[in-house]
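Q: This is data.cif, which holds mmCIF, C-alpha atoms and all ligand atoms:
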```cif
data_my_file
#
loop_
_atom_site.label_atom_id
_atom_site.label_comp_id
_atom_site.auth_asym_id
_atom_site.auth_seq_id
_atom_site.Cartn_x
_atom_site.Cartn_y
_atom_site.Cartn_z
CA MET P 1 82.79 125.63 97.90
CA LYS P 2 82.50 124.72 94.24
CA ALA P 3 82.72 121.01 93.48
CA ASP P 4 85.96 119.94 91.78
CA LYS P 5 85.07 119.05 88.20
CA ARG P 6 88.52 117.83 87.26
CA PRO P 7 88.57 114.19 86.23
CA ILE P 8 89.44 111.20 88.38
CA VAL P 9 91.59 108.44 86.90
CA VAL P 10 91.48 104.89 88.29
CA TYR P 11 94.26 102.53 87.25
CA GLY P 12 93.65 98.92 88.22
CA GLY P 13 96.12 96.08 87.82
CA SER P 14 98.19 93.56 89.72
CA PHE P 15 101.36 95.73 89.66
CA ASP P 16 103.26 92.53 90.40
CA PRO P 17 105.75 94.02 89.68
CA PRO P 18 105.06 97.62 88.58
CA HIS P 19 107.12 98.44 85.49
CA ARG P 20 108.06 101.36 83.22
CA GLY P 21 105.03 100.67 80.98
CA HIS P 22 102.64 101.27 83.89
CA MET P 23 104.39 104.54 84.77
CA ALA P 24 104.40 105.75 81.15
CA LEU P 25 100.66 105.14 80.87
CA ALA P 26 99.92 106.94 84.14
CA ALA P 27 102.19 109.87 83.20
CA ALA P 28 100.38 110.22 79.87
CA ALA P 29 97.03 110.27 81.69
CA LEU P 30 98.29 113.04 84.00
CA ARG P 31 99.52 115.10 81.05
CA GLN P 32 96.43 114.67 78.94
CA LEU P 33 93.62 114.95 81.50
CA GLY P 34 95.13 116.90 84.40
CA PRO P 35 93.10 114.86 86.88
CA ALA P 36 92.40 115.84 90.48
CA ARG P 37 93.37 112.30 91.47
CA LEU P 38 95.06 109.34 89.82
CA TYR P 39 94.59 106.18 91.84
CA PHE P 40 96.68 103.05 91.37
CA VAL P 41 94.45 100.21 92.59
CA PRO P 42 96.44 96.99 93.09
CA GLY P 43 94.11 94.01 92.92
CA PHE P 44 93.88 91.12 95.33
CA ARG P 45 96.12 88.19 94.36
CA THR P 46 94.58 84.82 94.82
CA PRO P 47 96.68 82.33 96.83
CA PHE P 48 95.19 79.46 94.80
CA LYS P 49 96.54 80.70 91.50
CA ASP P 50 99.79 82.05 92.88
CA PHE P 51 102.31 80.39 95.12
CA ARG P 52 102.91 82.88 97.95
CA PRO P 53 101.50 85.99 96.27
CA LEU P 54 103.01 89.30 97.36
CA SER P 55 100.87 91.15 99.87
CA PHE P 56 99.28 94.53 99.18
CA SER P 57 101.87 96.27 101.37
CA GLU P 58 104.75 94.61 99.50
CA ARG P 59 103.28 95.62 96.14
CA SER P 60 102.56 99.14 97.45
CA ARG P 61 106.20 99.52 98.41
CA MET P 62 107.24 98.57 94.89
CA LEU P 63 104.64 100.96 93.45
CA LYS P 64 105.90 103.82 95.64
CA ALA P 65 109.42 103.07 94.41
CA ALA P 66 108.23 103.02 90.79
CA ILE P 67 106.39 106.32 91.25
CA ALA P 68 109.40 107.93 92.95
CA GLY P 69 111.60 106.92 90.01
CA SER P 70 109.26 108.22 87.32
CA ALA P 71 107.70 111.41 85.96
CA LEU P 72 104.98 110.94 88.61
CA ALA P 73 107.39 111.67 91.47
CA GLY P 74 106.16 114.36 93.86
CA ARG P 75 102.73 114.70 92.22
CA PRO P 76 100.23 115.00 95.08
CA GLU P 77 97.31 113.83 92.93
CA VAL P 78 98.87 110.36 92.57
CA LYS P 79 97.60 107.91 95.21
CA ILE P 80 97.74 104.19 95.89
CA SER P 81 94.37 102.77 96.88
CA GLY P 82 93.90 99.73 99.08
CA PHE P 83 90.26 99.36 98.03
CA GLU P 84 90.56 96.06 96.12
CA ALA P 85 93.28 94.50 98.25
CA GLY P 86 91.32 95.40 101.39
CA LEU P 87 88.32 93.30 100.34
CA ARG P 88 90.55 90.18 100.38
CA ARG P 89 88.86 88.59 97.38
CA VAL P 90 88.82 88.97 93.61
CA VAL P 91 87.13 92.32 92.97
CA TYR P 92 85.46 93.03 89.66
CA THR P 93 86.16 96.27 87.83
CA TRP P 94 82.50 97.31 88.00
CA GLU P 95 82.75 97.25 91.82
CA THR P 96 85.94 99.31 91.83
CA VAL P 97 84.50 101.83 89.39
CA ALA P 98 81.28 102.05 91.45
CA HIS P 99 83.35 102.66 94.58
CA PHE P 100 85.21 105.63 93.07
CA ARG P 101 81.97 106.89 91.51
CA ARG P 102 80.49 107.13 95.02
CA ARG P 103 83.65 108.71 96.35
CA HIS P 104 83.81 111.41 93.69
CA PRO P 105 80.23 112.14 92.69
CA GLY P 106 79.96 114.52 89.75
CA ALA P 107 83.57 114.27 88.59
CA PRO P 108 84.30 112.69 85.20
CA LEU P 109 85.67 109.24 85.99
CA TYR P 110 88.16 107.38 83.79
CA PHE P 111 89.26 103.78 84.07
CA LEU P 112 92.79 103.41 82.73
CA MET P 113 93.95 100.25 81.02
CA GLY P 114 96.28 98.87 78.36
CA SER P 115 94.76 98.63 74.88
CA ASP P 116 95.19 94.83 75.02
CA CYS P 117 92.47 94.74 77.70
CA LEU P 118 89.96 96.39 75.35
CA GLU P 119 89.73 93.21 73.26
CA GLY P 120 88.15 91.20 76.02
CA PHE P 121 86.27 94.05 77.68
CA ARG P 122 82.80 92.80 76.72
CA ARG P 123 83.52 89.55 78.51
CA TRP P 124 84.14 91.38 81.79
CA ARG P 125 81.46 90.92 84.39
CA ARG P 126 78.86 93.75 84.20
CA TRP P 127 80.87 95.68 81.65
CA ARG P 128 77.85 97.90 80.88
CA SER P 129 77.89 99.05 84.47
CA VAL P 130 81.57 99.97 84.10
CA LEU P 131 80.71 102.09 81.06
CA LYS P 132 77.78 103.72 82.86
CA ASP P 133 80.03 104.94 85.69
CA ALA P 134 83.28 105.62 83.84
CA LYS P 135 84.96 106.24 80.51
CA LEU P 136 87.67 103.86 79.42
CA LEU P 137 91.07 105.40 78.96
CA ALA P 138 93.61 103.35 77.06
CA GLY P 139 97.15 103.66 75.78
CA LEU P 140 97.78 102.11 72.41
CA ARG P 141 100.46 99.55 71.75
CA PRO P 142 102.75 100.19 68.79
CA GLY P 143 100.93 99.02 65.67
CA TYR P 144 97.53 98.97 67.36
CA SER P 145 94.90 101.14 65.70
CA LEU P 146 92.14 103.31 67.12
CA LYS P 147 89.63 101.04 65.49
CA GLY P 148 90.62 98.14 67.72
CA GLY P 149 88.89 97.13 70.92
CA SER P 150 85.90 95.45 69.23
CA GLY P 151 83.96 98.71 69.12
CA VAL P 152 84.12 99.49 72.83
CA PRO P 153 84.14 103.29 73.22
CA PHE P 154 87.32 104.58 74.82
CA THR P 155 89.53 107.65 75.06
CA ALA P 156 93.00 107.09 73.63
CA LEU P 157 96.08 108.49 75.32
CA ALA P 158 98.52 110.30 73.05
CA GLY P 159 101.63 108.24 72.43
CA ARG P 160 102.56 104.63 71.97
CA PHE P 161 103.05 102.31 74.93
CA PRO P 162 105.17 99.22 74.43
CA GLU P 163 103.89 96.20 76.21
CA ALA P 164 105.64 94.64 79.17
CA ALA P 165 103.78 91.72 80.70
CA SER P 166 104.18 91.45 84.45
CA SER P 167 104.05 87.65 84.23
CA ASP P 168 107.14 87.57 81.96
CA LEU P 169 108.91 90.00 84.26
CA ARG P 170 108.10 87.82 87.29
CA GLY P 171 109.53 84.78 85.53
CA ARG P 172 112.77 86.60 84.81
CA LEU P 173 112.96 87.89 88.37
CA PHE P 174 112.54 84.34 89.76
CA LEU P 175 115.68 83.38 87.83
CA GLY P 176 117.67 86.30 89.23
CA GLU P 177 117.58 88.52 86.14
CA GLU P 178 117.05 92.27 86.37
CA PRO P 179 114.82 93.21 83.42
CA ALA P 180 115.36 96.68 81.95
CA GLN P 181 111.58 97.28 82.06
CA LEU P 182 111.92 97.61 85.83
CA GLN P 183 113.30 100.82 87.28
CA PRO P 184 116.37 100.61 89.56
CA GLU P 185 114.17 101.87 92.43
CA VAL P 186 111.80 98.91 91.95
CA LEU P 187 114.67 96.43 91.76
CA ALA P 188 116.03 97.85 95.02
CA ALA P 189 112.62 97.44 96.67
CA ILE P 190 112.47 93.85 95.43
CA ARG P 191 115.90 93.11 96.88
CA SER P 192 115.15 94.73 100.21
CA GLN P 193 111.91 92.76 100.51
CA GLY P 194 113.53 89.54 99.31
CA ALA P 195 110.65 89.21 96.85
CA TYR P 196 110.39 87.01 93.73
CA LEU P 197 112.59 84.35 95.35
CA TYR P 198 115.43 86.88 95.91
CA LYS P 199 115.72 85.78 99.54
CA GLU P 200 115.77 82.09 98.61
CA ARG P 201 118.39 82.62 95.90
CA ALA P 202 120.63 84.61 98.26
CA ALA P 203 120.50 81.77 100.81
CA LEU P 204 121.10 79.16 98.09
CA LYS P 205 124.24 80.92 96.85
CA LYS P 206 125.77 80.38 100.27
CA LEU P 207 125.18 76.62 100.06
CA ILE P 208 126.42 75.64 96.60
CA SER P 209 129.18 76.45 94.09
CA PRO P 210 128.59 78.94 91.26
CA GLY P 211 128.53 76.07 88.75
CA ARG P 212 125.90 74.21 90.74
CA TYR P 213 123.94 77.43 91.10
CA ALA P 214 123.96 77.89 87.31
CA HIS P 215 122.65 74.32 86.91
CA SER P 216 119.92 75.06 89.47
CA VAL P 217 118.84 78.16 87.53
CA ALA P 218 118.80 76.12 84.29
CA THR P 219 116.66 73.47 86.00
CA ALA P 220 114.29 76.16 87.29
CA ARG P 221 114.08 77.74 83.84
CA LEU P 222 112.98 74.50 82.16
CA ALA P 223 110.57 73.67 84.99
CA MET P 224 109.00 77.15 84.67
CA GLU P 225 108.59 76.75 80.91
CA LEU P 226 106.72 73.48 81.31
CA ALA P 227 104.77 74.38 84.48
CA PRO P 228 101.72 76.22 83.03
CA ALA P 229 100.71 73.29 80.77
CA LEU P 230 100.84 71.01 83.82
CA GLY P 231 98.75 73.37 85.95
CA ILE P 232 101.62 74.18 88.30
CA PRO P 233 102.20 77.76 89.54
CA VAL P 234 105.33 79.09 87.85
CA GLN P 235 106.81 80.35 91.10
CA LYS P 236 106.48 76.93 92.67
CA ALA P 237 108.29 75.31 89.74
CA ALA P 238 110.99 77.97 90.01
CA ALA P 239 111.45 77.42 93.75
CA ALA P 240 111.70 73.63 93.33
CA GLY P 241 114.20 73.96 90.49
CA LEU P 242 116.38 76.42 92.38
CA ALA P 243 116.36 74.40 95.60
CA HIS P 244 116.74 70.84 94.32
CA ASP P 245 120.54 70.49 94.70
CA CYS P 246 120.94 72.77 97.73
CA ALA P 247 122.55 69.92 99.74
CA ARG P 248 124.66 68.51 96.90
CA ASP P 249 127.85 70.32 97.84
CA LEU P 250 127.88 68.95 101.39
CA GLY P 251 129.78 65.99 99.91
CA ALA P 252 129.60 62.38 101.05
CA ALA P 253 130.88 62.93 104.58
CA GLY P 254 128.87 66.09 105.08
CA LEU P 255 125.71 64.41 103.80
CA ARG P 256 126.15 61.46 106.17
CA ARG P 257 126.66 63.87 109.05
CA TYR P 258 123.68 66.00 108.10
CA ALA P 259 121.42 62.97 107.59
CA ARG P 260 122.39 61.66 111.03
CA SER P 261 122.01 64.96 112.84
CA ARG P 262 118.55 65.59 111.34
CA ARG P 263 117.51 61.93 111.68
CA LEU P 264 116.47 61.89 108.04
CA LYS P 265 114.14 59.15 106.96
CA ALA P 266 114.58 57.60 103.53
CA PRO P 267 113.98 54.16 102.04
CA LEU P 268 117.13 52.00 102.37
CA LEU P 269 118.93 54.74 104.26
CA ALA P 270 121.62 52.37 105.59
CA ARG P 271 122.41 51.11 102.10
CA MET P 272 122.71 54.67 100.81
CA TYR P 273 125.12 55.59 103.61
CA LYS P 274 127.32 52.74 102.52
CA GLU P 275 126.85 52.41 98.76
CA ALA P 276 125.81 55.81 97.44
CA PRO P 277 126.09 58.59 100.03
CA LEU P 278 125.74 61.31 97.39
CA LEU P 279 122.19 60.11 96.74
CA LEU P 280 121.41 61.41 100.23
CA HIS P 281 121.56 64.92 98.76
CA ALA P 282 117.96 64.53 97.60
CA TRP P 283 116.53 63.73 101.03
CA ALA P 284 118.95 66.10 102.76
CA GLY P 285 118.08 68.78 100.20
CA ALA P 286 114.40 68.67 101.10
CA ALA P 287 115.28 69.22 104.77
CA LEU P 288 117.90 71.87 104.02
CA ALA P 289 115.56 73.76 101.68
CA ARG P 290 113.13 74.08 104.55
CA GLU P 291 115.82 74.96 107.08
CA LYS P 292 117.95 77.41 105.10
CA LEU P 293 115.76 78.60 102.23
CA GLY P 294 112.52 78.76 104.20
CA LEU P 295 110.65 76.59 101.69
CA ARG P 296 107.91 74.91 103.68
CA ASP P 297 105.74 73.68 100.86
CA ALA P 298 105.08 69.92 101.08
CA GLU P 299 104.98 69.41 97.29
CA ILE P 300 108.33 71.15 96.87
CA ALA P 301 109.78 68.96 99.63
CA GLU P 302 108.51 65.82 97.89
CA ALA P 303 109.89 66.96 94.54
CA VAL P 304 113.34 67.66 96.00
CA ARG P 305 113.35 64.34 97.91
CA LEU P 306 112.58 62.33 94.78
CA HIS P 307 114.49 64.28 92.14
CA ALA P 308 117.44 61.89 92.03
CA THR P 309 115.79 58.47 92.20
CA GLY P 310 112.20 59.13 91.23
CA ALA P 311 109.54 56.88 92.75
CA PRO P 312 106.29 55.28 91.66
CA GLY P 313 103.30 57.58 92.09
CA MET P 314 105.29 60.83 92.11
CA ALA P 315 103.14 63.98 92.08
CA THR P 316 103.21 66.26 89.03
CA LEU P 317 105.64 68.79 90.52
CA ALA P 318 108.03 65.94 91.43
CA ARG P 319 107.84 64.58 87.88
CA LEU P 320 108.43 68.04 86.50
CA LEU P 321 111.53 68.55 88.66
CA TYR P 322 112.92 65.07 87.87
CA LEU P 323 112.66 65.76 84.15
CA SER P 324 113.91 69.35 84.33
CA ASP P 325 116.98 68.37 86.35
CA LEU P 326 117.88 65.69 83.82
CA ALA P 327 117.14 67.56 80.61
CA CYS P 328 117.91 71.22 81.39
CA GLU P 329 120.22 73.42 79.36
CA GLY P 330 123.85 72.62 80.13
CA ARG P 331 123.41 68.83 80.21
CA ASP P 332 125.98 67.56 77.73
CA PHE P 333 124.42 64.24 76.66
CA LYS P 334 122.47 64.27 73.42
CA GLU P 335 119.19 62.98 74.88
CA ALA P 336 118.80 66.12 77.03
CA ALA P 337 117.82 68.36 74.11
CA LEU P 338 115.51 65.67 72.70
CA ILE P 339 113.70 65.28 76.03
CA ARG P 340 113.40 69.07 76.40
CA GLU P 341 111.84 69.26 72.97
CA LEU P 342 109.49 66.31 73.57
CA ALA P 343 108.39 67.63 76.99
CA GLY P 344 106.78 70.65 75.35
CA HIS P 345 104.14 68.57 73.55
CA ASP P 346 104.08 65.16 75.29
CA PHE P 347 105.19 65.48 78.88
CA ASP P 348 104.41 61.86 79.84
CA ALA P 349 106.47 60.45 76.97
CA ALA P 350 109.32 62.82 77.84
CA PHE P 351 109.15 61.75 81.47
CA ARG P 352 109.42 58.07 80.50
CA ALA P 353 112.37 58.93 78.29
CA ALA P 354 113.99 60.81 81.17
CA ASN P 355 113.62 57.77 83.40
CA TYR P 356 115.12 55.55 80.68
CA VAL P 357 118.11 57.82 80.19
CA LYS P 358 118.69 58.13 83.92
CA LEU P 359 118.59 54.36 84.42
CA THR P 360 120.89 53.57 81.50
CA HIS P 361 123.37 56.14 82.81
CA ALA P 362 123.15 54.64 86.29
CA PHE P 363 123.65 51.08 85.04
CA SER P 364 126.45 51.96 82.65
CA GLY P 365 128.27 53.75 85.46
CA GLY P 366 128.33 50.52 87.49
CA GLY P 367 127.67 50.40 91.20
CA TRP P 368 124.57 50.28 93.32
CA VAL P 369 121.28 51.59 91.92
CA HIS P 370 118.53 52.62 94.32
CA PRO P 371 115.52 50.29 93.87
CA LEU P 372 113.20 53.32 93.77
CA SER P 373 114.55 54.15 90.30
CA ALA P 374 113.69 50.67 89.03
CA GLU P 375 110.32 50.77 90.78
CA LEU P 376 109.54 54.01 88.93
CA TRP P 377 110.52 52.29 85.67
CA ASN P 378 108.25 49.32 86.42
CA SER P 379 105.33 51.53 87.38
CA LEU P 380 105.61 53.36 84.05
CA GLN P 381 105.63 50.07 82.10
CA GLU P 382 102.48 48.92 83.96
CA LYS P 383 100.80 52.20 83.06
CA LYS P 384 101.72 51.81 79.42
CA ASN P 385 100.55 48.19 79.25
CA GLY P 386 97.54 48.59 81.52
FE FE A 1 120.57 66.35 92.30
FE FE A 2 120.52 68.68 89.65
#
```
Could you show the structure in this file as structure tokens?
Ligand SMILES: [Fe+2]
Ligand SMILES: [Fe+2]

A:
Amino acid sequence: MKADKRPIVVYGGSFDPPHRGHMALAAAALRQLGPARLYFVPGFRTPFKDFRPLSFSERSRMLKAAIAGSALAGRPEVKISGFEAGLRRVVYTWETVAHFRRRHPGAPLYFLMGSDCLEGFRRWRRWRSVLKDAKLLAGLRPGYSLKGGSGVPFTALAGRFPEAASSDLRGRLFLGEEPAQLQPEVLAAIRSQGAYLYKERAALKKLISPGRYAHSVATARLAMELAPALGIPVQKAAAAGLAHDCARDLGAAGLRRYARSRRLKAPLLARMYKEAPLLLHAWAGAALAREKLGLRDAEIAEAVRLHATGAPGMATLARLLYLSDLACEGRDFKEAALIRELAGHDFDAAFRAANYVKLTHAFSGGGWVHPLSAELWNSLQEKKNG
């Protein structure tokens, strides 16, 4: 039998989620090269960088849905490869290319990527080895010229391929949006898998009013915007923001009942029962988020517990949630927009301002103020003076 000399195309990426841009690039490669095989190779997602990354099988299901809804549907040469995901570690492109080189000896091998990746190609580990085994195949973004890519040789695909960054799409999905860059088939797969916090949001909607839900989304949105600069995974910020008021609509009586039945522990619990039962929603919320939303992360629990009062020594995620809850879009006091603005370039100053605003509101409203709020205030003054 004569060896198949048709090319092999390898398309690596996170595909988290797969979008129309990915499918357009792959379809162009099929048209232009007529390969014997086109492999999508979803990479391993590191649990340290991502909060609860989607597994290979979850991403494969989305990829199958994307393929089924695109020009690639029914093409037997299109495959999904578990090579990178199966190694359960970050896999470098040179390893992936070497793997397919061994698998298809003699066939011209192409590694498919977006033209934006060409820029940094020479910083990739063992990039010369990639070029020895394969040719680079790239789709150009609108306005991007053939001369780009810092001189790295590559084959250009005919056509222009608008960019859609998976990280932006993930952010929008966390907030419950359905970006047009995702095919209906992919959105259906996301819903059926409960991915990108879909499951958590569905459970949350059963616990709180639509108005409260909108506030929770606004809180999540601000927390997500500020998260990267604080070194917090965006999904974790989103989950904390969505969940923080999940117990708020239980009301005073319901909160007392819930706190009793779950034997909640909180500083000055008896005083809260009597003087400010609604404050219980923070401690109850942490328990309810675990129980009903399935959020088991200890940092999220702490953030939800402390979002109303604050406390000295709060962790970064807790500080982020405290500020985002106070200053998110939809807050009608004038300081909210100022704190939002300030948080983007001086988070610590914005956090102190948030604490100040919260305390002045609490005092001007009259009634009992939880000592934790004042203790947070004092701890921030010590820091400033110390
Ligand atoms: Fe709250
Ligand atoms: Fe809130």

Q: Give the answer as one residue: which of P:Leu250, P:Ala189, P:Leu131, P:Val357 has the shortest atom-to-atom distance to ligand FE 1 (chain A), using all atoms listed in the file?

A: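 For ligand FE 1 (chain A), the nearest of the given residues is P:Leu250.
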
Q: Report as JSON lines the residues of chain P within 8 Å of ligand FE 1 (chain A), each with its shortest atom pair and distance in Å (one decimal), using all atoms listed in the file, ordered by chain and increasing residue number.

A:
```
{"residue": "P:His244", "atom": "CA", "partner": "A:FE1", "partner_atom": "FE", "distance": 6.2}
{"residue": "P:Asp245", "atom": "CA", "partner": "A:FE1", "partner_atom": "FE", "distance": 4.8}
{"residue": "P:Arg248", "atom": "CA", "partner": "A:FE1", "partner_atom": "FE", "distance": 6.5}
{"residue": "P:Leu279", "atom": "CA", "partner": "A:FE1", "partner_atom": "FE", "distance": 7.8}
{"residue": "P:His281", "atom": "CA", "partner": "A:FE1", "partner_atom": "FE", "distance": 6.7}
{"residue": "P:Ala282", "atom": "CA", "partner": "A:FE1", "partner_atom": "FE", "distance": 6.2}
{"residue": "P:His307", "atom": "CA", "partner": "A:FE1", "partner_atom": "FE", "distance": 6.4}
{"residue": "P:Ala308", "atom": "CA", "partner": "A:FE1", "partner_atom": "FE", "distance": 5.5}
{"residue": "P:Asp325", "atom": "CA", "partner": "A:FE1", "partner_atom": "FE", "distance": 7.2}
```

Q: Please extract the residues at most 12 Å from ligand FE 2 (chain A), counting all atoms listed in the file, and provide them as a PyMOL selection string, using the chain letters and residue numbers of this document.

A: chain P and resi 208+211-220+240-249+278-279+281-282+285+303-309+321-331

Q: Please produce a file of those selected residues containing C-alpha atoms, as an mmCIF file, in the coordinates of the input.

A:
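For reference, selection.cif as written:
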```cif
data_model
loop_
_atom_site.group_PDB
_atom_site.id
_atom_site.type_symbol
_atom_site.label_atom_id
_atom_site.label_comp_id
_atom_site.auth_asym_id
_atom_site.auth_seq_id
_atom_site.Cartn_x
_atom_site.Cartn_y
_atom_site.Cartn_z
ATOM 1 C CA ILE P 208 126.420 75.640 96.600
ATOM 2 C CA GLY P 211 128.530 76.070 88.750
ATOM 3 C CA ARG P 212 125.900 74.210 90.740
ATOM 4 C CA TYR P 213 123.940 77.430 91.100
ATOM 5 C CA ALA P 214 123.960 77.890 87.310
ATOM 6 C CA HIS P 215 122.650 74.320 86.910
ATOM 7 C CA SER P 216 119.920 75.060 89.470
ATOM 8 C CA VAL P 217 118.840 78.160 87.530
ATOM 9 C CA ALA P 218 118.800 76.120 84.290
ATOM 10 C CA THR P 219 116.660 73.470 86.000
ATOM 11 C CA ALA P 220 114.290 76.160 87.290
ATOM 12 C CA ALA P 240 111.700 73.630 93.330
ATOM 13 C CA GLY P 241 114.200 73.960 90.490
ATOM 14 C CA LEU P 242 116.380 76.420 92.380
ATOM 15 C CA ALA P 243 116.360 74.400 95.600
ATOM 16 C CA HIS P 244 116.740 70.840 94.320
ATOM 17 C CA ASP P 245 120.540 70.490 94.700
ATOM 18 C CA CYS P 246 120.940 72.770 97.730
ATOM 19 C CA ALA P 247 122.550 69.920 99.740
ATOM 20 C CA ARG P 248 124.660 68.510 96.900
ATOM 21 C CA ASP P 249 127.850 70.320 97.840
ATOM 22 C CA LEU P 278 125.740 61.310 97.390
ATOM 23 C CA LEU P 279 122.190 60.110 96.740
ATOM 24 C CA HIS P 281 121.560 64.920 98.760
ATOM 25 C CA ALA P 282 117.960 64.530 97.600
ATOM 26 C CA GLY P 285 118.080 68.780 100.200
ATOM 27 C CA ALA P 303 109.890 66.960 94.540
ATOM 28 C CA VAL P 304 113.340 67.660 96.000
ATOM 29 C CA ARG P 305 113.350 64.340 97.910
ATOM 30 C CA LEU P 306 112.580 62.330 94.780
ATOM 31 C CA HIS P 307 114.490 64.280 92.140
ATOM 32 C CA ALA P 308 117.440 61.890 92.030
ATOM 33 C CA THR P 309 115.790 58.470 92.200
ATOM 34 C CA LEU P 321 111.530 68.550 88.660
ATOM 35 C CA TYR P 322 112.920 65.070 87.870
ATOM 36 C CA LEU P 323 112.660 65.760 84.150
ATOM 37 C CA SER P 324 113.910 69.350 84.330
ATOM 38 C CA ASP P 325 116.980 68.370 86.350
ATOM 39 C CA LEU P 326 117.880 65.690 83.820
ATOM 40 C CA ALA P 327 117.140 67.560 80.610
ATOM 41 C CA CYS P 328 117.910 71.220 81.390
ATOM 42 C CA GLU P 329 120.220 73.420 79.360
ATOM 43 C CA GLY P 330 123.850 72.620 80.130
ATOM 44 C CA ARG P 331 123.410 68.830 80.210
#
```

Q: So, with all atoms listed in the file as the atoms that count, which of P:Arg6, P:Ala253, P:Leu264, P:Glu163 lies closest to Gln181 of chain P?

A: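 Looking at the shortest contact to Gln181 of chain P, the residue is P:Glu163.
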
Q: Quick one: of P:Arg61, P:Leu317, P:Met23, P:Arg128, who's nearest to Gln183 of chain P, counting only C-alpha atoms?

A: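 Of all the options, P:Met23 lies closest to Gln183 of chain P.
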